[in-house]
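**Q** Structure file work.cif (mmCIF, C-alpha atoms) right here:
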```cif
data_entry
loop_
_atom_site.group_PDB
_atom_site.id
_atom_site.type_symbol
_atom_site.label_atom_id
_atom_site.label_comp_id
_atom_site.auth_asym_id
_atom_site.auth_seq_id
_atom_site.Cartn_x
_atom_site.Cartn_y
_atom_site.Cartn_z
ATOM 1 C CA MET A 1399 5.002 -0.289 25.344
ATOM 2 C CA ILE A 1400 2.052 -1.962 23.626
ATOM 3 C CA ASP A 1401 -0.087 -3.776 26.205
ATOM 4 C CA ALA A 1402 -2.538 -5.740 24.050
ATOM 5 C CA TYR A 1403 -2.665 -9.204 25.612
ATOM 6 C CA CYS A 1404 -3.937 -10.712 28.822
ATOM 7 C CA GLU A 1405 -0.620 -12.291 29.821
ATOM 8 C CA ARG A 1406 1.240 -8.950 29.925
ATOM 9 C CA LEU A 1407 0.804 -7.287 33.320
ATOM 10 C CA GLU A 1408 3.778 -4.890 33.311
ATOM 11 C CA PRO A 1409 6.645 -3.649 31.125
ATOM 12 C CA GLY A 1410 9.579 -5.971 30.562
ATOM 13 C CA LEU A 1411 10.991 -8.469 28.094
ATOM 14 C CA TRP A 1412 9.640 -11.587 29.828
ATOM 15 C CA THR A 1413 6.222 -10.549 31.051
ATOM 16 C CA GLU A 1414 4.598 -12.576 28.237
ATOM 17 C CA PRO A 1415 6.504 -15.848 28.658
ATOM 18 C CA LEU A 1416 3.946 -18.150 27.028
ATOM 19 C CA ASN A 1417 3.232 -15.729 24.199
ATOM 20 C CA ALA A 1418 6.976 -15.409 23.585
ATOM 21 C CA ILE A 1419 8.020 -19.051 23.908
ATOM 22 C CA THR A 1420 5.210 -20.482 21.778
ATOM 23 C CA ASN A 1421 6.645 -18.646 18.775
ATOM 24 C CA ALA A 1422 9.145 -21.495 18.672
ATOM 25 C CA ALA A 1423 6.315 -23.460 17.045
ATOM 26 C CA PHE A 1424 6.504 -21.219 13.963
ATOM 27 C CA ILE A 1425 10.256 -21.653 13.758
ATOM 28 C CA LEU A 1426 10.080 -25.430 14.197
ATOM 29 C CA VAL A 1427 7.343 -25.826 11.581
ATOM 30 C CA ALA A 1428 9.251 -23.541 9.202
ATOM 31 C CA LEU A 1429 12.359 -25.711 9.478
ATOM 32 C CA VAL A 1430 10.330 -28.887 8.942
ATOM 33 C CA MET A 1431 8.607 -27.455 5.877
ATOM 34 C CA TRP A 1432 11.892 -26.113 4.469
ATOM 35 C CA ARG A 1433 13.350 -29.613 4.672
ATOM 36 C CA ARG A 1434 10.129 -31.061 3.252
ATOM 37 C CA SER A 1435 10.239 -28.618 0.320
ATOM 38 C CA ALA A 1436 13.931 -28.929 -0.476
ATOM 39 C CA GLY A 1437 14.614 -30.766 -3.715
ATOM 40 C CA GLN A 1438 10.938 -30.765 -4.715
ATOM 41 C CA GLY A 1439 11.329 -28.134 -7.405
ATOM 42 C CA THR A 1440 8.910 -25.844 -5.564
ATOM 43 C CA PRO A 1441 10.645 -22.492 -4.987
ATOM 44 C CA LEU A 1442 7.430 -20.881 -3.752
ATOM 45 C CA ALA A 1443 7.179 -23.497 -0.981
ATOM 46 C CA LEU A 1444 10.744 -22.684 0.057
ATOM 47 C CA MET A 1445 9.881 -18.988 0.083
ATOM 48 C CA LEU A 1446 6.774 -19.660 2.179
ATOM 49 C CA SER A 1447 8.900 -21.615 4.655
ATOM 50 C CA LEU A 1448 11.330 -18.701 4.953
ATOM 51 C CA VAL A 1449 8.468 -16.264 5.527
ATOM 52 C CA LEU A 1450 7.042 -18.616 8.162
ATOM 53 C CA LEU A 1451 10.414 -18.472 9.921
ATOM 54 C CA ALA A 1452 10.211 -14.663 9.795
ATOM 55 C CA ILE A 1453 6.711 -14.823 11.306
ATOM 56 C CA GLY A 1454 8.080 -16.700 14.318
ATOM 57 C CA ILE A 1455 10.974 -14.296 14.779
ATOM 58 C CA GLY A 1456 8.816 -11.196 14.324
ATOM 59 C CA SER A 1457 6.142 -12.413 16.710
ATOM 60 C CA ALA A 1458 8.761 -13.315 19.321
ATOM 61 C CA LEU A 1459 10.168 -9.790 19.061
ATOM 62 C CA PHE A 1460 6.726 -8.282 19.525
ATOM 63 C CA HIS A 1461 5.855 -10.384 22.571
ATOM 64 C CA THR A 1462 9.129 -9.477 24.261
ATOM 65 C CA PHE A 1463 9.841 -5.842 23.306
ATOM 66 C CA ALA A 1464 6.149 -4.896 22.756
ATOM 67 C CA THR A 1465 7.049 -1.741 20.815
ATOM 68 C CA GLN A 1466 5.754 -0.219 17.591
ATOM 69 C CA TRP A 1467 8.733 -1.382 15.538
ATOM 70 C CA ALA A 1468 8.298 -4.899 16.942
ATOM 71 C CA SER A 1469 4.621 -4.776 15.962
ATOM 72 C CA VAL A 1470 5.669 -4.048 12.373
ATOM 73 C CA ALA A 1471 8.132 -6.952 12.538
ATOM 74 C CA ASP A 1472 5.243 -9.122 13.740
ATOM 75 C CA THR A 1473 2.568 -8.209 11.199
ATOM 76 C CA THR A 1474 4.604 -7.647 8.018
ATOM 77 C CA PRO A 1475 5.694 -11.287 7.523
ATOM 78 C CA ILE A 1476 2.088 -12.418 8.066
ATOM 79 C CA LEU A 1477 0.906 -10.159 5.248
ATOM 80 C CA VAL A 1478 3.762 -11.333 3.023
ATOM 81 C CA PHE A 1479 2.836 -14.984 3.685
ATOM 82 C CA ILE A 1480 -0.813 -14.356 2.800
ATOM 83 C CA LEU A 1481 0.003 -12.527 -0.429
ATOM 84 C CA LEU A 1482 2.628 -15.074 -1.456
ATOM 85 C CA TYR A 1483 0.230 -17.963 -0.819
ATOM 86 C CA VAL A 1484 -2.577 -16.276 -2.752
ATOM 87 C CA PHE A 1485 -0.154 -15.811 -5.658
ATOM 88 C CA ALA A 1486 0.932 -19.464 -5.459
ATOM 89 C CA ALA A 1487 -2.702 -20.597 -5.324
ATOM 90 C CA ASN A 1488 -3.662 -18.456 -8.300
ATOM 91 C CA LEU A 1489 -0.646 -19.610 -10.270
ATOM 92 C CA HIS A 1490 -0.801 -23.341 -9.552
ATOM 93 C CA PHE A 1491 -4.261 -24.183 -8.183
ATOM 94 C CA TRP A 1492 -6.089 -22.082 -10.777
ATOM 95 C CA ARG A 1493 -3.236 -22.351 -13.319
ATOM 96 C CA MET A 1494 -3.377 -18.668 -14.150
ATOM 97 C CA PRO A 1495 -0.604 -16.971 -16.100
ATOM 98 C CA VAL A 1496 1.777 -14.922 -13.962
ATOM 99 C CA TRP A 1497 0.167 -11.599 -14.879
ATOM 100 C CA ALA A 1498 -3.324 -12.809 -13.935
ATOM 101 C CA ALA A 1499 -2.066 -14.440 -10.719
ATOM 102 C CA SER A 1500 -0.417 -11.126 -9.806
ATOM 103 C CA ILE A 1501 -3.592 -9.128 -10.420
ATOM 104 C CA GLY A 1502 -5.592 -11.642 -8.405
ATOM 105 C CA THR A 1503 -3.093 -11.304 -5.566
ATOM 106 C CA ALA A 1504 -3.326 -7.502 -5.643
ATOM 107 C CA ALA A 1505 -7.122 -7.811 -5.497
ATOM 108 C CA PHE A 1506 -6.750 -9.404 -2.063
ATOM 109 C CA VAL A 1507 -5.918 -5.992 -0.575
ATOM 110 C CA PRO A 1508 -9.260 -4.231 -1.282
ATOM 111 C CA TYR A 1509 -11.122 -7.496 -0.575
ATOM 112 C CA ALA A 1510 -9.504 -7.806 2.856
ATOM 113 C CA ALA A 1511 -9.904 -4.099 3.638
ATOM 114 C CA LEU A 1512 -13.632 -4.163 2.872
ATOM 115 C CA LEU A 1513 -14.345 -7.320 4.856
ATOM 116 C CA ALA A 1514 -12.132 -6.209 7.728
ATOM 117 C CA TRP A 1515 -14.278 -3.061 8.014
ATOM 118 C CA VAL A 1516 -17.351 -5.309 8.271
ATOM 119 C CA PHE A 1517 -15.757 -7.450 10.983
ATOM 120 C CA TYR A 1518 -14.718 -4.345 12.915
ATOM 121 C CA GLN A 1519 -18.428 -3.642 13.410
ATOM 122 C CA LEU A 1520 -19.004 -7.009 15.126
ATOM 123 C CA PRO A 1521 -18.203 -7.230 18.861
ATOM 124 C CA PHE A 1522 -16.487 -10.630 19.033
ATOM 125 C CA PHE A 1523 -14.849 -10.439 15.605
ATOM 126 C CA SER A 1524 -13.503 -6.877 15.881
ATOM 127 C CA VAL A 1525 -10.349 -7.886 17.802
ATOM 128 C CA SER A 1526 -9.133 -10.037 14.898
ATOM 129 C CA ALA A 1527 -10.972 -8.177 12.136
ATOM 130 C CA PRO A 1528 -7.987 -7.940 9.723
ATOM 131 C CA TYR A 1529 -7.546 -11.720 9.818
ATOM 132 C CA TRP A 1530 -11.115 -12.992 9.383
ATOM 133 C CA PRO A 1531 -11.206 -12.388 5.591
ATOM 134 C CA VAL A 1532 -8.447 -15.001 5.201
ATOM 135 C CA PRO A 1533 -10.321 -18.162 6.303
ATOM 136 C CA LEU A 1534 -13.287 -16.994 4.232
ATOM 137 C CA LEU A 1535 -11.071 -16.758 1.152
ATOM 138 C CA ILE A 1536 -9.507 -20.172 1.815
ATOM 139 C CA ALA A 1537 -12.970 -21.699 2.232
ATOM 140 C CA ALA A 1538 -14.124 -20.051 -1.008
ATOM 141 C CA TYR A 1539 -11.129 -21.508 -2.854
ATOM 142 C CA ALA A 1540 -11.915 -24.924 -1.361
ATOM 143 C CA ILE A 1541 -15.508 -24.803 -2.586
ATOM 144 C CA LEU A 1542 -14.653 -23.498 -6.038
ATOM 145 C CA LEU A 1543 -11.811 -25.990 -6.578
ATOM 146 C CA ARG A 1544 -13.679 -29.081 -5.380
ATOM 147 C CA ASN A 1545 -14.493 -30.331 -8.885
ATOM 148 C CA ARG A 1546 -10.968 -29.736 -10.157
ATOM 149 C CA ASP A 1547 -9.041 -31.374 -7.284
ATOM 150 C CA ARG A 1548 -10.999 -32.883 -4.402
ATOM 151 C CA ALA A 1549 -7.877 -33.597 -2.343
ATOM 152 C CA LEU A 1550 -6.807 -29.972 -2.685
ATOM 153 C CA ALA A 1551 -10.281 -28.726 -1.752
ATOM 154 C CA ARG A 1552 -10.286 -30.973 1.316
ATOM 155 C CA GLY A 1553 -6.840 -29.740 2.347
ATOM 156 C CA LEU A 1554 -7.886 -26.115 1.971
ATOM 157 C CA GLY A 1555 -11.047 -26.794 3.962
ATOM 158 C CA ILE A 1556 -8.954 -28.202 6.810
ATOM 159 C CA GLY A 1557 -6.739 -25.123 6.627
ATOM 160 C CA ALA A 1558 -9.752 -22.803 6.836
ATOM 161 C CA ALA A 1559 -11.058 -24.726 9.862
ATOM 162 C CA LEU A 1560 -7.675 -24.592 11.631
ATOM 163 C CA LEU A 1561 -7.373 -20.858 11.011
ATOM 164 C CA THR A 1562 -10.897 -20.304 12.306
ATOM 165 C CA LEU A 1563 -10.036 -22.154 15.521
ATOM 166 C CA SER A 1564 -6.835 -20.171 15.943
ATOM 167 C CA LEU A 1565 -8.695 -16.896 15.396
ATOM 168 C CA VAL A 1566 -11.260 -17.880 18.016
ATOM 169 C CA ALA A 1567 -8.378 -18.458 20.450
ATOM 170 C CA ARG A 1568 -6.913 -15.051 19.554
ATOM 171 C CA SER A 1569 -10.250 -13.308 19.979
ATOM 172 C CA LEU A 1570 -10.976 -14.905 23.368
ATOM 173 C CA ASP A 1571 -7.750 -13.652 24.976
ATOM 174 C CA ALA A 1572 -9.248 -10.478 26.465
ATOM 175 C CA PRO A 1573 -12.811 -11.724 27.190
ATOM 176 C CA LEU A 1574 -11.498 -14.707 29.188
ATOM 177 C CA CYS A 1575 -8.687 -12.823 30.917
ATOM 178 C CA ALA A 1576 -10.428 -12.745 34.300
ATOM 179 C CA SER A 1577 -10.902 -16.516 34.365
ATOM 180 C CA ILE A 1578 -7.740 -17.499 32.448
ATOM 181 C CA PRO A 1579 -4.965 -15.126 33.631
ATOM 182 C CA ILE A 1580 -2.414 -16.493 31.133
ATOM 183 C CA GLY A 1581 -4.808 -15.677 28.309
ATOM 184 C CA THR A 1582 -5.353 -17.651 25.123
ATOM 185 C CA HIS A 1583 -3.106 -15.799 22.680
ATOM 186 C CA TRP A 1584 -0.415 -18.473 23.030
ATOM 187 C CA LEU A 1585 -2.922 -20.999 21.698
ATOM 188 C CA TRP A 1586 -3.318 -18.814 18.593
ATOM 189 C CA HIS A 1587 0.427 -19.221 18.045
ATOM 190 C CA LEU A 1588 0.335 -23.011 18.281
ATOM 191 C CA LEU A 1589 -2.765 -23.445 16.118
ATOM 192 C CA ASN A 1590 -1.598 -20.861 13.601
ATOM 193 C CA ALA A 1591 1.832 -22.477 13.277
ATOM 194 C CA ALA A 1592 0.144 -25.808 12.572
ATOM 195 C CA MET A 1593 -2.213 -24.172 10.084
ATOM 196 C CA LEU A 1594 0.525 -22.358 8.149
ATOM 197 C CA GLY A 1595 2.640 -25.496 7.972
ATOM 198 C CA TRP A 1596 -0.407 -27.419 6.780
ATOM 199 C CA MET A 1597 -1.084 -24.862 4.063
ATOM 200 C CA ILE A 1598 2.461 -25.286 2.738
ATOM 201 C CA GLU A 1599 1.921 -29.063 2.808
ATOM 202 C CA VAL A 1600 -1.339 -28.654 0.868
ATOM 203 C CA TYR A 1601 0.537 -26.677 -1.775
ATOM 204 C CA LEU A 1602 3.330 -29.280 -1.989
ATOM 205 C CA ARG A 1603 0.860 -32.148 -2.383
ATOM 206 C CA ALA A 1604 -1.080 -30.278 -5.062
ATOM 207 C CA ARG A 1605 2.111 -29.630 -7.022
ATOM 208 C CA ALA A 1606 3.098 -33.286 -6.709
ATOM 209 C CA ARG A 1607 -0.281 -34.405 -8.080
ATOM 210 C CA GLN A 1608 0.036 -31.974 -10.962
ATOM 211 C CA ARG A 1609 3.447 -33.363 -11.862
ATOM 212 C CA SER A 1610 2.276 -36.963 -11.650
ATOM 213 C CA ALA A 1611 -0.534 -36.143 -14.083
ATOM 214 C CA LEU A 1612 1.974 -34.994 -16.699
ATOM 215 C CA SER A 1613 3.436 -37.295 -19.300
ATOM 216 C CA PRO A 1614 7.030 -38.517 -18.694
ATOM 217 C CA GLU A 1615 8.171 -36.239 -21.519
ATOM 218 C CA ALA A 1616 6.531 -33.182 -19.942
ATOM 219 C CA ARG A 1617 7.969 -33.990 -16.511
ATOM 220 C CA ALA A 1618 11.448 -34.205 -18.009
ATOM 221 C CA ARG A 1619 11.224 -30.679 -19.411
#
```
Starting from the coordinates I provided, produce the structure as structure tokens.
**A**
Amino acid sequence: MIDAYCERLEPGLWTEPLNAITNAAFILVALVMWRRSAGQGTPLALMLSLVLLAIGIGSALFHTFATQWASVADTTPILVFILLYVFAANLHFWRMPVWAASIGTAAFVPYAALLAWVFYQLPFFSVSAPYWPVPLLIAAYAILLRNRDRALARGLGIGAALLTLSLVARSLDAPLCASIPIGTHWLWHLLNAAMLGWMIEVYLRARARQRSALSPEARAR
């Protein structure tokens, strides 16, 4: 059994009730975003919605079974979502060709590994070290894209802020355990579900603006 969170006091499927139940937020948001994306001609948004659904299922498995295989089921969809979103951002926000968007996506791995090592050296940040490179990257995209699409930059900035808040909640779970016995990891689930859904919405809105900027002839093709 993996005992990593304040709420878990003993072995058993339901010893993390809040951490388990709040994964419904991922599933609900995934269903909303799937419906929102359907018929929009945005297959990557549909794929992101499916991966978001997998995040909710995988996390629910981890917070009930708390085993190594459940941990893999929890973390793998998160990595897939990040890589898929980076690819979508490179392809459509930066308008890179597929080969360049793919290389840029692959570059995320060494970038994240290097920064994660840095965060592992910092007391508060070490608990969530693998995740902290992500809001930094989103914020960097927001800054660099601000002259190309201000609405997109603003949306990405909101996403970076939401993820930062959710990571703070995740990182405070153990330090506040004595004063908050239920922990704060469940709050990470709720904030992260909102953030991931928002990021899909940001992508959908950006694609809609790009289409509206095309001529009627180009949109018809």
**Q** For the interface of range 1544-1585 of chain A with range 1472-1490 of chain A (cut-off 12 Å, counting all atoms listed in the file), please tabulate each contacting residue of range 1544-1585 of chain A alongside its nearest pair of atoms and their separation in Å to one decimal, rows sorted by chain and increasing number, as CSV.
**A**
```
residue,atom,partner,partner_atom,distance
A:Asp1547,CA,A:His1490,CA,11.7
A:Leu1550,CA,A:Ala1487,CA,10.6
A:Ala1551,CA,A:Ala1487,CA,11.7
A:Leu1554,CA,A:Ala1487,CA,10.5
```
**Q** If you measure from CA of Glu1405 in chain A to CA of Ala1468 in chain A, what distance in Å do you get, rounded to one decimal?
**A**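 Interatomic distance, CA of Glu1405 in chain A to CA of Ala1468 in chain A: 17.3 Å.
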**Q** For Leu1594 in chain A, which residue among A:Ala1540, A:Leu1563, A:Leu1450, A:Leu1426 is the nearest when counting only C-alpha atoms?
**A**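 Under the stated criterion, the closest residue is A:Leu1450.
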**Q** Quick one: which residues end up in the PyMOL selection byres ((chain A and resi 1587-1589) around 8) for this structure, as a PDB file with C-alpha atoms, in the frame of the given file?
**A**
```pdb
ATOM      1  CA  ASN A1417       3.232 -15.729  24.199  1.00  0.00           C
ATOM      2  CA  THR A1420       5.210 -20.482  21.778  1.00  0.00           C
ATOM      3  CA  ASN A1421       6.645 -18.646  18.775  1.00  0.00           C
ATOM      4  CA  ALA A1423       6.315 -23.460  17.045  1.00  0.00           C
ATOM      5  CA  PHE A1424       6.504 -21.219  13.963  1.00  0.00           C
ATOM      6  CA  LEU A1560      -7.675 -24.592  11.631  1.00  0.00           C
ATOM      7  CA  LEU A1561      -7.373 -20.858  11.011  1.00  0.00           C
ATOM      8  CA  LEU A1563     -10.036 -22.154  15.521  1.00  0.00           C
ATOM      9  CA  SER A1564      -6.835 -20.171  15.943  1.00  0.00           C
ATOM     10  CA  HIS A1583      -3.106 -15.799  22.680  1.00  0.00           C
ATOM     11  CA  TRP A1584      -0.415 -18.473  23.030  1.00  0.00           C
ATOM     12  CA  LEU A1585      -2.922 -20.999  21.698  1.00  0.00           C
ATOM     13  CA  TRP A1586      -3.318 -18.814  18.593  1.00  0.00           C
ATOM     14  CA  ASN A1590      -1.598 -20.861  13.601  1.00  0.00           C
ATOM     15  CA  ALA A1591       1.832 -22.477  13.277  1.00  0.00           C
ATOM     16  CA  ALA A1592       0.144 -25.808  12.572  1.00  0.00           C
ATOM     17  CA  MET A1593      -2.213 -24.172  10.084  1.00  0.00           C
TER      18      MET A1593
END
```
**Q** Where does the PyMOL selection byres ((chain A and resi 1409) around 10) land in this file, that is, which residues does it pick, as number ranges by chain?
**A** A: 1399-1401, 1406-1408, 1410-1414, 1462-1464
**Q** Write a file of the selected residues as a tab-separated table (two decimals), keeping the file's coordinate frame, keeping C-alpha atoms.
**A**
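Written out: part.tsv:
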```
chain	number	residue	atom	x	y	z
A	1399	MET	CA	5.00	-0.29	25.34
A	1400	ILE	CA	2.05	-1.96	23.63
A	1401	ASP	CA	-0.09	-3.78	26.20
A	1406	ARG	CA	1.24	-8.95	29.92
A	1407	LEU	CA	0.80	-7.29	33.32
A	1408	GLU	CA	3.78	-4.89	33.31
A	1410	GLY	CA	9.58	-5.97	30.56
A	1411	LEU	CA	10.99	-8.47	28.09
A	1412	TRP	CA	9.64	-11.59	29.83
A	1413	THR	CA	6.22	-10.55	31.05
A	1414	GLU	CA	4.60	-12.58	28.24
A	1462	THR	CA	9.13	-9.48	24.26
A	1463	PHE	CA	9.84	-5.84	23.31
A	1464	ALA	CA	6.15	-4.90	22.76
```
**Q** Please produce range 1468-1483 of chain A, completed to N, CA and C atoms, as a tab-separated table (two decimals), in the coordinates of the input.
**A**
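Produced file rebuild30.tsv, reproduced below:
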```tsv
chain	number	residue	atom	x	y	z
A	1468	ALA	N	8.47	-3.45	16.80
A	1468	ALA	CA	8.30	-4.90	16.94
A	1468	ALA	C	6.94	-5.34	16.40
A	1469	SER	N	5.94	-4.48	16.53
A	1469	SER	CA	4.62	-4.78	15.96
A	1469	SER	C	4.70	-4.88	14.45
A	1470	VAL	N	5.47	-3.98	13.83
A	1470	VAL	CA	5.67	-4.05	12.37
A	1470	VAL	C	6.40	-5.33	12.00
A	1471	ALA	N	7.40	-5.71	12.79
A	1471	ALA	CA	8.13	-6.95	12.54
A	1471	ALA	C	7.23	-8.17	12.69
A	1472	ASP	N	6.20	-8.03	13.51
A	1472	ASP	CA	5.24	-9.12	13.74
A	1472	ASP	C	4.25	-9.26	12.58
A	1473	THR	N	3.67	-8.15	12.16
A	1473	THR	CA	2.57	-8.21	11.20
A	1473	THR	C	3.02	-8.27	9.74
A	1474	THR	N	4.17	-7.69	9.42
A	1474	THR	CA	4.60	-7.65	8.02
A	1474	THR	C	4.82	-9.04	7.43
A	1475	PRO	N	5.53	-9.95	8.11
A	1475	PRO	CA	5.69	-11.29	7.52
A	1475	PRO	C	4.37	-12.04	7.34
A	1476	ILE	N	3.40	-11.77	8.21
A	1476	ILE	CA	2.09	-12.42	8.07
A	1476	ILE	C	1.43	-11.98	6.76
A	1477	LEU	N	1.47	-10.66	6.50
A	1477	LEU	CA	0.91	-10.16	5.25
A	1477	LEU	C	1.64	-10.72	4.04
A	1478	VAL	N	2.97	-10.79	4.13
A	1478	VAL	CA	3.76	-11.33	3.02
A	1478	VAL	C	3.38	-12.79	2.77
A	1479	PHE	N	3.21	-13.58	3.84
A	1479	PHE	CA	2.84	-14.98	3.68
A	1479	PHE	C	1.49	-15.10	2.97
A	1480	ILE	N	0.53	-14.29	3.40
A	1480	ILE	CA	-0.81	-14.36	2.80
A	1480	ILE	C	-0.74	-14.04	1.31
A	1481	LEU	N	-0.07	-12.94	0.97
A	1481	LEU	CA	0.00	-12.53	-0.43
A	1481	LEU	C	0.76	-13.54	-1.27
A	1482	LEU	N	1.85	-14.08	-0.72
A	1482	LEU	CA	2.63	-15.07	-1.46
A	1482	LEU	C	1.82	-16.35	-1.68
A	1483	TYR	N	1.03	-16.75	-0.67
A	1483	TYR	CA	0.23	-17.96	-0.82
A	1483	TYR	C	-0.90	-17.74	-1.82
```
